[in-house]
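Listing of query32.txt, compact mmCIF, C-alpha atoms
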```
# COMPACT_ATOMS: atom_id res chain seq x y z
CA MET A 153 10.74 -27.17 -68.30
CA LEU A 154 8.72 -29.35 -65.96
CA PRO A 155 5.31 -30.64 -67.08
CA VAL A 156 2.43 -28.73 -65.48
CA LEU A 157 0.13 -30.73 -63.22
CA MET A 158 -3.51 -31.06 -64.19
CA PHE A 159 -6.08 -30.69 -61.45
CA PRO A 160 -7.45 -34.10 -60.37
CA GLN A 161 -11.10 -34.31 -61.31
CA PHE A 162 -12.54 -34.85 -57.84
CA ASP A 163 -16.26 -35.35 -57.51
CA PRO A 164 -17.47 -32.55 -55.18
CA VAL A 165 -20.12 -34.98 -53.89
CA LEU A 166 -18.76 -37.55 -51.47
CA VAL A 167 -21.78 -39.84 -51.42
CA HIS A 168 -25.40 -39.89 -52.57
CA PHE A 169 -28.34 -41.05 -50.46
CA GLY A 170 -31.15 -41.11 -52.98
CA PRO A 171 -31.93 -37.47 -53.82
CA LEU A 172 -29.65 -36.26 -51.02
CA ALA A 173 -25.97 -35.61 -51.55
CA VAL A 174 -23.20 -35.19 -48.99
CA ARG A 175 -20.56 -32.84 -50.35
CA TRP A 176 -16.92 -32.65 -49.32
CA TYR A 177 -17.43 -29.02 -48.36
CA ALA A 178 -20.26 -29.87 -45.97
CA LEU A 179 -18.24 -32.76 -44.56
CA SER A 180 -15.32 -30.42 -43.83
CA TYR A 181 -17.60 -28.17 -41.76
CA ILE A 182 -19.15 -31.09 -39.89
CA LEU A 183 -15.83 -32.83 -39.21
CA GLY A 184 -14.12 -29.56 -38.25
CA ILE A 185 -16.81 -28.72 -35.70
CA ILE A 186 -16.88 -32.24 -34.22
CA LEU A 187 -13.09 -32.46 -33.90
CA GLY A 188 -12.98 -28.93 -32.52
CA ILE A 189 -15.56 -29.66 -29.83
CA THR A 190 -13.76 -32.90 -28.94
CA MET A 191 -10.57 -30.96 -28.38
CA LEU A 192 -12.41 -28.16 -26.56
CA ARG A 193 -13.68 -30.71 -24.00
CA ARG A 194 -10.07 -31.31 -22.92
CA LEU A 195 -8.87 -27.73 -23.21
CA VAL A 196 -11.51 -26.27 -20.89
CA LEU A 197 -10.41 -28.60 -18.07
CA LEU A 198 -6.78 -27.49 -18.13
CA ALA A 199 -5.92 -25.29 -15.17
CA PRO A 200 -7.18 -22.67 -14.74
CA ARG A 201 -10.50 -24.26 -15.72
CA ALA A 202 -12.60 -22.22 -18.15
CA ALA A 203 -15.72 -24.45 -18.32
CA THR A 204 -16.96 -28.00 -17.84
CA THR A 205 -17.09 -30.77 -20.43
CA GLU A 206 -20.89 -30.56 -20.35
CA GLN A 207 -20.73 -26.87 -21.23
CA ALA A 208 -18.26 -27.64 -24.03
CA ASP A 209 -20.77 -30.15 -25.41
CA ASP A 210 -23.57 -27.58 -25.18
CA PHE A 211 -21.48 -25.12 -27.15
CA LEU A 212 -21.71 -27.40 -30.21
CA THR A 213 -25.12 -26.00 -31.22
CA TRP A 214 -24.06 -22.42 -30.55
CA VAL A 215 -20.85 -22.59 -32.57
CA THR A 216 -22.57 -24.37 -35.47
CA LEU A 217 -25.14 -21.59 -35.77
CA GLY A 218 -22.44 -18.95 -35.37
CA VAL A 219 -20.28 -20.42 -38.14
CA LEU A 220 -23.10 -20.99 -40.62
CA LEU A 221 -25.08 -17.79 -40.08
CA GLY A 222 -22.03 -15.58 -39.64
CA GLY A 223 -20.17 -17.13 -42.56
CA ARG A 224 -23.11 -16.70 -44.93
CA LEU A 225 -24.06 -13.20 -43.82
CA GLY A 226 -20.42 -12.14 -43.91
CA TYR A 227 -20.06 -13.29 -47.50
CA ILE A 228 -23.24 -11.44 -48.48
CA LEU A 229 -22.24 -8.19 -46.77
CA PHE A 230 -18.48 -8.19 -47.44
CA TYR A 231 -18.33 -9.57 -50.96
CA GLN A 232 -21.58 -9.30 -52.96
CA PRO A 233 -24.12 -7.04 -51.17
CA SER A 234 -25.49 -5.49 -54.36
CA TYR A 235 -26.08 -8.89 -55.99
CA TYR A 236 -28.01 -10.26 -53.03
CA LEU A 237 -30.06 -7.09 -52.73
CA ARG A 238 -31.20 -7.72 -56.30
CA HIS A 239 -31.66 -11.46 -55.71
CA PRO A 240 -32.69 -11.88 -52.04
CA LEU A 241 -33.77 -15.51 -52.45
CA ALA A 242 -30.21 -16.38 -53.51
CA MET A 243 -29.16 -15.75 -49.91
CA LEU A 244 -30.63 -19.16 -49.09
CA GLU A 245 -28.81 -21.01 -51.88
CA VAL A 246 -25.89 -22.12 -49.74
CA TRP A 247 -25.33 -25.21 -51.89
CA HIS A 248 -23.79 -22.86 -54.49
CA GLY A 249 -21.09 -21.86 -52.01
CA GLY A 250 -20.44 -18.43 -50.59
CA MET A 251 -19.06 -18.44 -47.03
CA SER A 252 -16.73 -15.90 -45.45
CA PHE A 253 -14.24 -16.76 -42.73
CA HIS A 254 -14.34 -13.23 -41.39
CA GLY A 255 -18.13 -13.37 -41.18
CA GLY A 256 -17.94 -16.80 -39.55
CA ALA A 257 -15.45 -15.42 -37.00
CA ILE A 258 -17.88 -12.64 -36.08
CA GLY A 259 -20.65 -15.23 -35.77
CA VAL A 260 -18.56 -17.39 -33.45
CA VAL A 261 -17.64 -14.37 -31.30
CA ALA A 262 -21.33 -13.50 -30.98
CA ALA A 263 -22.14 -17.12 -30.09
CA MET A 264 -19.38 -17.18 -27.44
CA ALA A 265 -20.55 -13.88 -25.97
CA LEU A 266 -24.11 -15.13 -25.55
CA PHE A 267 -22.98 -18.55 -24.37
CA THR A 268 -20.57 -17.28 -21.69
CA TRP A 269 -23.13 -14.72 -20.53
CA ARG A 270 -25.75 -17.43 -20.11
CA TYR A 271 -23.44 -19.77 -18.21
CA LYS A 272 -21.60 -16.98 -16.33
CA LEU A 273 -18.18 -17.95 -17.71
CA ASN A 274 -15.14 -15.78 -18.35
CA PHE A 275 -15.54 -14.80 -22.01
CA LEU A 276 -11.85 -14.38 -22.84
CA ALA A 277 -10.76 -17.53 -21.00
CA PHE A 278 -13.36 -19.56 -22.91
CA ALA A 279 -12.45 -17.84 -26.18
CA ASP A 280 -8.80 -18.83 -25.65
CA ARG A 281 -9.77 -22.49 -25.54
CA VAL A 282 -12.06 -22.23 -28.56
CA THR A 283 -9.53 -20.49 -30.79
CA VAL A 284 -6.90 -23.19 -30.22
CA ALA A 285 -9.25 -25.65 -31.93
CA VAL A 286 -10.47 -23.36 -34.73
CA PRO A 287 -7.55 -23.98 -37.17
CA ILE A 288 -8.64 -27.62 -37.41
CA GLY A 289 -11.79 -26.55 -39.21
CA LEU A 290 -9.94 -23.93 -41.24
CA GLY A 291 -7.48 -26.47 -42.59
CA LEU A 292 -10.21 -28.96 -43.48
CA GLY A 293 -12.22 -26.23 -45.19
CA ARG A 294 -9.29 -25.25 -47.40
CA VAL A 295 -8.73 -28.88 -48.38
CA ALA A 296 -12.42 -29.00 -49.37
CA ASN A 297 -11.90 -25.84 -51.45
CA PHE A 298 -9.11 -27.67 -53.29
CA ILE A 299 -11.25 -30.75 -53.87
CA ASN A 300 -13.98 -28.51 -55.29
CA GLY A 301 -11.46 -26.86 -57.61
CA GLU A 302 -12.44 -23.40 -56.34
CA LEU A 303 -10.59 -20.37 -54.95
CA TRP A 304 -7.53 -21.28 -56.98
CA GLY A 305 -4.37 -19.24 -57.04
CA ARG A 306 -2.80 -16.64 -59.27
CA GLU A 307 -0.69 -17.48 -62.29
CA ALA A 308 2.43 -19.41 -61.32
CA PRO A 309 5.73 -19.95 -63.14
CA ALA A 310 5.43 -22.96 -65.42
CA ASN A 311 8.59 -24.41 -63.89
CA LEU A 312 7.07 -24.46 -60.40
CA PRO A 313 6.91 -28.20 -59.59
CA TRP A 314 3.43 -27.97 -58.07
CA ALA A 315 1.92 -25.43 -60.50
CA MET A 316 -1.48 -26.68 -61.57
CA ILE A 317 -4.08 -26.04 -64.24
CA PHE A 318 -7.59 -25.80 -62.78
CA PRO A 319 -10.69 -26.62 -64.88
CA ASP A 320 -12.24 -23.16 -64.48
CA GLY A 321 -8.97 -21.25 -64.20
CA GLY A 322 -8.09 -21.14 -67.86
CA PRO A 323 -5.12 -22.80 -69.59
CA ILE A 324 -2.46 -21.13 -67.44
CA PRO A 325 -0.62 -22.83 -64.55
CA ARG A 326 -1.70 -21.54 -61.15
CA HIS A 327 -0.65 -21.75 -57.52
CA PRO A 328 -2.71 -24.31 -55.55
CA SER A 329 -3.32 -21.55 -52.99
CA GLN A 330 -5.99 -23.58 -51.21
CA LEU A 331 -3.25 -25.95 -50.04
CA TYR A 332 -1.04 -23.04 -49.01
CA GLU A 333 -3.90 -21.83 -46.82
CA ALA A 334 -4.56 -25.31 -45.45
CA LEU A 335 -0.91 -25.55 -44.36
CA THR A 336 -0.59 -22.02 -42.92
CA GLU A 337 -4.07 -21.10 -41.61
CA GLY A 338 -4.66 -24.72 -40.61
CA LEU A 339 -1.66 -26.88 -39.71
CA LEU A 340 0.92 -24.18 -38.88
CA LEU A 341 -1.45 -21.97 -36.89
CA PHE A 342 -2.82 -24.95 -34.97
CA THR A 343 0.69 -26.16 -34.12
CA VAL A 344 1.71 -22.75 -32.77
CA LEU A 345 -1.47 -22.32 -30.73
CA PHE A 346 -1.32 -25.85 -29.34
CA ILE A 347 2.30 -25.49 -28.22
CA VAL A 348 1.69 -22.10 -26.60
CA SER A 349 -1.51 -23.34 -24.93
CA ARG A 350 0.47 -25.98 -23.01
CA GLN A 351 1.86 -23.24 -20.76
CA ARG A 352 -0.29 -22.62 -17.69
CA SER A 353 1.11 -19.10 -17.35
CA ILE A 354 -0.33 -18.31 -20.80
CA ARG A 355 -3.68 -19.97 -20.13
CA ALA A 356 -3.97 -17.87 -16.96
CA ARG A 357 -3.92 -14.67 -19.06
CA PRO A 358 -7.39 -14.55 -20.66
CA GLY A 359 -7.31 -13.18 -24.15
CA PHE A 360 -3.71 -13.99 -25.03
CA LEU A 361 -4.42 -17.14 -27.04
CA ALA A 362 -7.41 -15.54 -28.73
CA GLY A 363 -5.23 -12.57 -29.65
CA LEU A 364 -2.48 -14.86 -30.92
CA PHE A 365 -5.02 -16.66 -33.08
CA LEU A 366 -6.36 -13.42 -34.58
CA ALA A 367 -2.89 -12.04 -35.27
CA GLY A 368 -1.62 -15.38 -36.57
CA TYR A 369 -4.56 -15.89 -38.88
CA ALA A 370 -4.31 -12.31 -40.18
CA CYS A 371 -0.64 -12.84 -41.04
CA ALA A 372 -1.18 -16.27 -42.63
CA ARG A 373 -4.20 -15.16 -44.67
CA SER A 374 -2.54 -11.93 -45.82
CA PHE A 375 0.53 -13.91 -46.96
CA CYS A 376 -1.56 -16.47 -48.85
CA GLU A 377 -3.56 -13.71 -50.55
CA PHE A 378 -0.42 -12.89 -52.56
CA PHE A 379 -0.85 -16.28 -54.24
CA ARG A 380 -4.66 -16.47 -54.34
CA GLU A 381 -6.63 -15.14 -57.31
CA PRO A 382 -9.02 -12.40 -56.13
CA ASP A 383 -12.72 -12.97 -56.72
CA ALA A 384 -13.61 -11.93 -60.26
CA PHE A 385 -16.43 -9.66 -59.10
CA LEU A 386 -14.07 -7.77 -56.75
CA GLY A 387 -10.61 -7.85 -58.23
CA TYR A 388 -7.91 -5.82 -56.53
CA LEU A 389 -8.69 -2.91 -54.24
CA ALA A 390 -6.78 0.36 -53.93
CA GLY A 391 -3.04 -0.20 -53.70
CA GLY A 392 -3.30 -3.71 -55.13
CA ILE A 393 -4.54 -5.32 -51.91
CA THR A 394 -7.40 -7.79 -51.81
CA MET A 395 -10.58 -7.85 -49.76
CA GLY A 396 -9.15 -10.71 -47.69
CA GLN A 397 -6.10 -8.62 -46.79
CA LEU A 398 -8.23 -5.59 -45.99
CA LEU A 399 -10.40 -7.58 -43.59
CA CYS A 400 -7.28 -8.94 -41.90
CA ILE A 401 -6.08 -5.48 -40.85
CA PRO A 402 -8.61 -5.04 -38.00
CA MET A 403 -8.06 -8.71 -37.03
CA LEU A 404 -4.32 -8.10 -36.65
CA ALA A 405 -4.87 -4.90 -34.67
CA LEU A 406 -7.40 -6.56 -32.36
CA GLY A 407 -5.14 -9.57 -31.87
CA ILE A 408 -2.20 -7.43 -30.80
CA CYS A 409 -4.43 -5.41 -28.45
CA LEU A 410 -5.77 -8.59 -26.85
CA MET A 411 -2.30 -9.98 -26.22
CA VAL A 412 -1.15 -6.69 -24.66
CA TYR A 413 -4.34 -6.55 -22.57
CA ALA A 414 -3.83 -10.14 -21.37
CA ARG A 415 -0.25 -9.51 -20.27
CA ARG A 416 -1.15 -6.36 -18.34
CA HIS A 417 -4.11 -7.72 -16.37
CA PRO A 418 -4.20 -10.04 -13.35
CA ALA A 419 -4.05 -13.77 -13.83
CA TYR A 420 -7.29 -15.72 -14.05
CA ALA A 421 -7.98 -18.08 -11.14
CA GLY A 422 -10.40 -20.29 -13.07
CA LEU A 423 -13.60 -22.00 -12.02
CA PRO A 424 -13.75 -23.49 -8.51
CA ALA A 425 -11.85 -26.75 -8.19
CA SER A 426 -14.72 -28.32 -6.28
CA GLY A 427 -18.45 -28.22 -6.60
CA PRO A 428 -21.24 -29.89 -8.56
CA GLN A 429 -19.65 -28.99 -11.92
CA ALA A 430 -16.08 -29.94 -11.07
CA PRO A 431 -14.66 -33.01 -12.89
CA THR A 432 -13.89 -35.94 -10.63
CA ASN A 433 -11.72 -38.09 -12.86
CA ILE A 434 -9.50 -35.58 -14.67
CA THR A 435 -5.94 -34.84 -13.61
CA PRO A 436 -4.63 -31.77 -15.45
CA PRO A 437 -1.27 -32.47 -17.08
CA ALA A 438 1.81 -30.87 -15.61
CA ASP A 439 2.91 -27.58 -17.10
CA HIS A 440 5.84 -27.68 -19.44
```
Represent the structure of the file as structure tokens.
Amino acid sequence: MLPVLMFPQFDPVLVHFGPLAVRWYALSYILGIILGITMLRRLVLLAPRAATTEQADDFLTWVTLGVLLGGRLGYILFYQPSYYLRHPLAMLEVWHGGMSFHGGAIGVVAAMALFTWRYKLNFLAFADRVTVAVPIGLGLGRVANFINGELWGREAPANLPWAMIFPDGGPIPRHPSQLYEALTEGLLLFTVLFIVSRQRSIRARPGFLAGLFLAGYACARSFCEFFREPDAFLGYLAGGITMGQLLCIPMLALGICLMVYARRHPAYAGLPASGPQAPTNITPPADH
């Protein structure tokens, strides 16, 4: 029988600045958004162009608000509505955790809808570019969950080489499901989207990459939920599924519909190749 790993006692606070503290969780959000926007600046210029680099930079504020507001409101509405109705001030206590990916996704969609309407961009073409970069933040967020010792997995066989005992998970060995999610929802999903996005024929079908992201995330999250311990205040739903799996069902359906829609509609020509917003020093890479 292999010895069970003990969870490393990470400090959830990365650094202190007097009374202020920068937590790993906050850093994962900040770094994920910055890296995502950096990648988005290049993606929007690939033919057919979906936006300008200046517009990609402007989207930083919009996506930040979408992630934070949507993620928090989603957690409140999807997971603990009755608690927050009894304790409304607790809605503001974000330092105690409580963010929902599904709520954050809705927030980002709302931000993209308003942003593309304001700048008169093709919503689906812009969404395709955004979703390619999203798994970067997802992966970093799951690593932060692991560092915080939260959202741990279900009981694992004691002979599993990477089974781990978490401080708040009792004395039983558990799956480090946060790392499973970081690898599948983060690294694997990003790799698939990045490879597919290199094809101009795919980029010219607005909605396909966004649909692939939704379907891919739904599959990855649903798989990982089999190893992740459900929230204590929710437990298992009817049929033994979890809330995370239930919320992935409409994501999967919408993703498939978007991909079918993209394949059946005319190709997107992109923004004009010349004009005041056109880049002057970017040569799009050859398709391969």
Problem - Residue contacts of A:Ile299 (8 Å, only C-alpha atoms) excluding same-chain residues fewer than 2 positions away, as JSON, numbers by chain - result: {"A": [162, 163, 164, 176, 295, 296, 297, 301, 302]}
Problem - Nearest candidate to A:Arg193 (options A:Phe230, A:Phe385, A:Phe278, A:Tyr236; using all atoms listed in the file) - result: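 Among the listed residues, the smallest separation from A:Arg193 belongs to A:Phe278.
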Closest atom pairs, residues of stretch 259-376 of chain A within 9 Å of stretch 417-425 of chain A, only C-alpha atoms, as JSON lines:
```
{"residue": "A:Leu273", "atom": "CA", "partner": "A:Leu423", "partner_atom": "CA", "distance": 8.4}
{"residue": "A:Asn274", "atom": "CA", "partner": "A:Gly422", "partner_atom": "CA", "distance": 8.4}
{"residue": "A:Ala277", "atom": "CA", "partner": "A:Tyr420", "partner_atom": "CA", "distance": 8.0}
{"residue": "A:Ser353", "atom": "CA", "partner": "A:Ala419", "partner_atom": "CA", "distance": 8.2}
{"residue": "A:Arg355", "atom": "CA", "partner": "A:Tyr420", "partner_atom": "CA", "distance": 8.2}
{"residue": "A:Ala356", "atom": "CA", "partner": "A:Tyr420", "partner_atom": "CA", "distance": 4.9}
{"residue": "A:Arg357", "atom": "CA", "partner": "A:Ala419", "partner_atom": "CA", "distance": 5.3}
{"residue": "A:Pro358", "atom": "CA", "partner": "A:Tyr420", "partner_atom": "CA", "distance": 6.7}
```
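Here atom CA of A:Tyr177 is placed at a distance of 21.6 Å from atom CA of A:Arg326.
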Practice task
Would you kindly identify which residues have an atom no farther than 12 Å from (-3.6, -25.0, -37.9), using only C-alpha atoms and the file's own coordinates, and write them out as number ranges by chain?
Solution key: A: 184, 188, 283-294, 332-347, 365, 368-369, 372-373
Practice task
Go through A:Ile228, A:Val348, A:Val219, A:Val282 and flag the residue nearest A:Gly256, using all atoms listed in the file for the distances.
Solution key: A:Val219
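The coordinates place atom CA of A:Trp314 at 7.6 Å from atom CA of A:Pro328.
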Exercise for the section: Considering only C-alpha atoms, return as a ChimeraX atom specification whatever protein or nucleic-acid residues lie within 9 Å of A:Phe253, sequence-local ones (same chain, fewer than 2 positions apart) excluded. Expected result: /A:219,222-223,226-227,251,255-258,290
Practice task
For atom CA of A:Pro325 and atom CA of A:Tyr231, determine how far apart the two atoms are, in Å to one decimal place.
Solution key: 26.0 Å
Exercise for the section: Return the single residue from A:Gly387, A:Pro313, A:Gly392, A:Pro319 that is closest to A:Phe298, with distances computed using all atoms listed in the file. Expected result: A:Pro319
Practice task
Might you pull out every residue within 7 Å of stretch 399-410 of chain A, with all atoms listed in the file counted and same-chain residues fewer than 2 positions away left off, and present them as a list of chain:residue names?
Solution key: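 Using all atoms listed in the file, the neighbours found are A:Gly359, A:Phe360, A:Gly363, A:Leu364, A:Leu366, A:Ala367, A:Ala370, A:Ser374, A:Met395, A:Gly396, A:Gln397, A:Val412, A:Tyr413, A:Ala414.
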Exercise for the section: Go through A:Pro309, A:Asn300, A:Gly250, A:Arg270 and flag the residue nearest A:Leu166, using only C-alpha atoms for the distances. Expected result: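 With only C-alpha atoms as the atom set, the closest residue is A:Asn300.
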Kindly list the centre and edge lengths in Å, rounded to one decimal, for the axis-aligned box that covers all listed atoms of stretch 255-258 of chain A plus 3 Å on each of its six sides, as JSON.
```
{"center_x": -16.8, "center_y": -14.7, "center_z": -38.6, "size_x": 8.7, "size_y": 10.2, "size_z": 11.1}
```
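Counting all atoms listed in the file, the residue from A:Leu187, A:Ala178, A:Ala202, A:Tyr271 that sits nearest to A:Val165 is A:Ala178.
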Taking the partial coordinates given, rebuild stretch 217-234 of chain A to contain N, CA and C atoms; return it as a PDB file, keeping the file's coordinate frame.
```pdb
ATOM      1  N   LEU A 217     -24.319 -22.710 -35.292  1.00  0.00           N
ATOM      2  CA  LEU A 217     -25.140 -21.590 -35.770  1.00  0.00           C
ATOM      3  C   LEU A 217     -24.275 -20.364 -36.050  1.00  0.00           C
ATOM      4  N   GLY A 218     -23.313 -20.095 -35.172  1.00  0.00           N
ATOM      5  CA  GLY A 218     -22.440 -18.950 -35.370  1.00  0.00           C
ATOM      6  C   GLY A 218     -21.642 -19.038 -36.658  1.00  0.00           C
ATOM      7  N   VAL A 219     -21.077 -20.223 -36.935  1.00  0.00           N
ATOM      8  CA  VAL A 219     -20.280 -20.420 -38.140  1.00  0.00           C
ATOM      9  C   VAL A 219     -21.138 -20.276 -39.394  1.00  0.00           C
ATOM     10  N   LEU A 220     -22.272 -20.972 -39.416  1.00  0.00           N
ATOM     11  CA  LEU A 220     -23.100 -20.990 -40.620  1.00  0.00           C
ATOM     12  C   LEU A 220     -23.763 -19.641 -40.892  1.00  0.00           C
ATOM     13  N   LEU A 221     -24.401 -19.069 -39.882  1.00  0.00           N
ATOM     14  CA  LEU A 221     -25.080 -17.790 -40.080  1.00  0.00           C
ATOM     15  C   LEU A 221     -24.070 -16.657 -40.309  1.00  0.00           C
ATOM     16  N   GLY A 222     -23.036 -16.629 -39.482  1.00  0.00           N
ATOM     17  CA  GLY A 222     -22.030 -15.580 -39.640  1.00  0.00           C
ATOM     18  C   GLY A 222     -21.284 -15.697 -40.952  1.00  0.00           C
ATOM     19  N   GLY A 223     -20.903 -16.930 -41.320  1.00  0.00           N
ATOM     20  CA  GLY A 223     -20.170 -17.130 -42.560  1.00  0.00           C
ATOM     21  C   GLY A 223     -20.971 -16.716 -43.781  1.00  0.00           C
ATOM     22  N   ARG A 224     -22.258 -17.057 -43.780  1.00  0.00           N
ATOM     23  CA  ARG A 224     -23.110 -16.700 -44.930  1.00  0.00           C
ATOM     24  C   ARG A 224     -23.391 -15.205 -44.980  1.00  0.00           C
ATOM     25  N   LEU A 225     -23.770 -14.625 -43.849  1.00  0.00           N
ATOM     26  CA  LEU A 225     -24.060 -13.200 -43.820  1.00  0.00           C
ATOM     27  C   LEU A 225     -22.809 -12.372 -44.116  1.00  0.00           C
ATOM     28  N   GLY A 226     -21.671 -12.843 -43.635  1.00  0.00           N
ATOM     29  CA  GLY A 226     -20.420 -12.140 -43.910  1.00  0.00           C
ATOM     30  C   GLY A 226     -20.101 -12.120 -45.388  1.00  0.00           C
ATOM     31  N   TYR A 227     -20.314 -13.245 -46.055  1.00  0.00           N
ATOM     32  CA  TYR A 227     -20.060 -13.290 -47.500  1.00  0.00           C
ATOM     33  C   TYR A 227     -20.990 -12.342 -48.240  1.00  0.00           C
ATOM     34  N   ILE A 228     -22.256 -12.322 -47.832  1.00  0.00           N
ATOM     35  CA  ILE A 228     -23.240 -11.440 -48.480  1.00  0.00           C
ATOM     36  C   ILE A 228     -22.864  -9.978 -48.289  1.00  0.00           C
ATOM     37  N   LEU A 229     -22.497  -9.599 -47.072  1.00  0.00           N
ATOM     38  CA  LEU A 229     -22.240  -8.190 -46.770  1.00  0.00           C
ATOM     39  C   LEU A 229     -20.859  -7.732 -47.242  1.00  0.00           C
ATOM     40  N   PHE A 230     -19.844  -8.591 -47.120  1.00  0.00           N
ATOM     41  CA  PHE A 230     -18.480  -8.190 -47.440  1.00  0.00           C
ATOM     42  C   PHE A 230     -18.153  -8.298 -48.929  1.00  0.00           C
ATOM     43  N   TYR A 231     -18.778  -9.268 -49.609  1.00  0.00           N
ATOM     44  CA  TYR A 231     -18.330  -9.570 -50.960  1.00  0.00           C
ATOM     45  C   TYR A 231     -19.345  -9.231 -52.061  1.00  0.00           C
ATOM     46  N   GLN A 232     -20.621  -9.538 -51.881  1.00  0.00           N
ATOM     47  CA  GLN A 232     -21.580  -9.300 -52.960  1.00  0.00           C
ATOM     48  C   GLN A 232     -22.892  -8.700 -52.448  1.00  0.00           C
ATOM     49  N   PRO A 233     -22.866  -7.599 -51.705  1.00  0.00           N
ATOM     50  CA  PRO A 233     -24.120  -7.040 -51.170  1.00  0.00           C
ATOM     51  C   PRO A 233     -25.099  -6.606 -52.252  1.00  0.00           C
ATOM     52  N   SER A 234     -24.589  -5.991 -53.318  1.00  0.00           N
ATOM     53  CA  SER A 234     -25.490  -5.490 -54.360  1.00  0.00           C
ATOM     54  C   SER A 234     -26.190  -6.643 -55.083  1.00  0.00           C
TER      55      SER A 234
END
```
